[in-house]
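First comes the structure, then the notes that go with it.
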Amino acid sequence: MMPASQDFSPFFVTAGAARLRAARFDADQPRALCLLLNGQTEFIEKYFEVIDELRGRGFSVVTFDWRGQGGSGRLLPDARKAHIEDFTAYDQDLDAVIQGLVLSAGLPRIALAHSMGGNILLRRLHDVPGEFAAAVFCAPMLGINYRGTPGWVAEGIARAFNRKGPCRDFVWGMAVRDQLTLPFAQQIVTSDPLRYARNQALLKAHPELRLNGPTWSWLAAAIRSIARTRSPGYAEAIATRSLLFGAGHDRVCLTPAIAAFAARMPDARFVEIADAEHEILMERDALRARFWSRFDDFLQKSAPTVSR
């Protein structure tokens with residue numbers, strides 16, 4: 001089996017007016033299919049290592065770039081901006097990939113989602129139950145860490161910027177936060193300088209994949225989606241067997257919100273990786289080993305028993 005970096009043959013899927021870059025990576029004698037969902041600003045190539053680790057565990061992988069990022073069609077003339085008007089557009093992306101690439105695979109199904117991808121996956125599990133045997137979430141976006149600014153202040157500012165319609169301006173500070181030049185010491189997503197350098201090298205080789213960060217419209221849409229998922233009865237209605245990881249040093253999302261959400265779900269476990277930053281799957285080997293150990297324990301029985 002060739003490594004994902006050599007076995008990468010992207011193609012495009014249509015979701016409404018959006019053109020999504022997708023890829024499939026087959027395992028030898030797969031026991032299940034894993035739908036891998038990345039987070040905001042991310043892209044398929046960043047997950048080659050994870051894809052190979054999944055395939056080594058017997059999972060074929062389907063993955064894609066959300067509209068407006070990675071190799072998918074961008075939504076604004078300034079391609080550095082992560083922009084959306086409402087997360088229902090991301091729901092449309094996910095539906096197109098599930099309908100076109102996942103359900104037709106003829107394999108039991110699981111999902112692995114990071115950050116924003118986790119928020120969108122929870123929306124899907126709530127609205128369309130029974131599609132996946134199990135779901136694993138890495139630092140799902142169930143609360144935003146505003147790093148010292150009270151949440152009500154940040155949310156009020158986002159509402160104000162969008163009072164006349166979806167605002168396409170960068171959130172303060174994002175215009176100069178270029179992933180191509182951002183030093184390791186100034187980033188807040190991993191404690192592993194080697195994997196950070198690897199991912200930055202991918203962007204330097206393919207600068208068209210990069211995003212700086214969100215617009216005020218994206219932020220307002222994220223706040224609304226978080227409010228929806230945290231509403232009374234929402235978590236309680238998600239019956240899919242789930243494992244939710246939180247990062248102990250997360251400076252992007254709120255780990256306590258993840259733990260609280262998992263506690264409300266009917267069949268979920270919460271695990272905190274105490275020393276990890278937000279991108280658990282891009283962390284140091286010792287921290288990633290903790291993740292994969294719990295992942296393996298969780299899925300050793302569920303994935304092979306899913307009805308097709």
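In the structure tokens, chains take the letters A, B, ... in the order shown, each chain's residues start at 1, and ligands count up from 1 in the order shown.
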
Spatial neighbours of range 87-96 of chain A, max dist 7 Å, only C-alpha atoms, sep filter under 4 positions, as a ChimeraX atom specification: /A:15,66,100,120,221,225

Spatial neighbours of range 111-119 of chain A, 7 Å, only C-alpha atoms, chain gap at least 2 places, as number ranges by chain: A: 34-40, 109, 121-123, 132, 134-142

Kindly save the residues from that selection, with C-alpha atoms included, as a short mmCIF file (atom, residue, chain, number, x, y, z; two decimals), in the first residue's frame.
data_model
loop_
_atom_site.label_atom_id
_atom_site.label_comp_id
_atom_site.auth_asym_id
_atom_site.auth_seq_id
_atom_site.Cartn_x
_atom_site.Cartn_y
_atom_site.Cartn_z
CA CYS A 34 -13.74 6.37 7.88
CA LEU A 35 -15.06 9.78 6.85
CA LEU A 36 -12.32 12.22 7.92
CA LEU A 37 -13.44 15.83 8.46
CA ASN A 38 -10.87 18.58 8.93
CA GLY A 39 -11.23 21.92 10.67
CA GLN A 40 -11.25 25.55 9.62
CA ARG A 109 -19.01 3.53 8.46
CA LEU A 121 -20.62 16.31 12.16
CA LEU A 122 -22.65 16.71 15.36
CA ARG A 123 -25.26 18.61 13.34
CA PHE A 132 -22.47 5.96 11.27
CA ALA A 134 -19.41 5.42 15.71
CA ALA A 135 -17.91 8.88 15.70
CA VAL A 136 -14.66 10.25 17.14
CA PHE A 137 -14.18 13.97 17.75
CA CYS A 138 -10.90 15.85 18.28
CA ALA A 139 -11.42 19.16 20.09
CA PRO A 140 -14.86 19.71 18.51
CA MET A 141 -15.95 23.33 18.27
CA LEU A 142 -18.56 23.51 21.03
#

Strand (DSSP E) call set, DSSP backbone run, range 149-280 of chain A, as an MDAnalysis selection string: chainID A and resid 213:214 241:247 268:273

Leu20 in chain A surroundings by only C-alpha atoms, 9 Å radius, close-in-sequence under 4 positions cut, as an MDAnalysis selection string: chainID A and resid 11:15 64:68 71:73 93 97

Just-selected residues, C-alpha atoms written as a compact mmCIF listing (two decimals), in the first residue's frame:
# COMPACT_ATOMS: atom_id res chain seq x y z
CA PHE A 11 -11.26 14.82 -7.63
CA PHE A 12 -14.18 17.21 -7.29
CA VAL A 13 -17.69 16.86 -5.90
CA THR A 14 -20.45 19.41 -6.41
CA ALA A 15 -22.46 20.68 -3.44
CA PHE A 64 -12.46 16.52 1.46
CA ASP A 65 -11.89 20.25 1.82
CA TRP A 66 -14.84 22.35 2.98
CA ARG A 67 -16.04 25.06 0.62
CA GLY A 68 -13.87 28.16 0.85
CA GLY A 71 -8.32 23.05 -2.76
CA SER A 72 -12.07 23.63 -2.88
CA GLY A 73 -13.61 26.67 -4.52
CA ASP A 93 -21.04 19.98 1.68
CA VAL A 97 -19.92 13.80 0.20

Selected residue of minimal separation from Leu194 in chain A among A:Arg19, A:Arg124, A:Arg284, A:Arg24, counting only C-alpha atoms: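 Once distances to Leu194 in chain A are computed over only C-alpha atoms, the minimum belongs to A:Arg284.
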
A:Ala260, A:Asp267, A:Ile273, A:Ile51 ranked by distance to Gly246 in chain A, top pick (using only C-alpha atoms): A:Ile273

Using only C-alpha atoms: which of A:Val189, A:Val176, A:Leu219, A:Leu125 has the shortest distance to Glu236 in chain A: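 Among the listed residues, the smallest separation from Glu236 in chain A belongs to A:Leu125.
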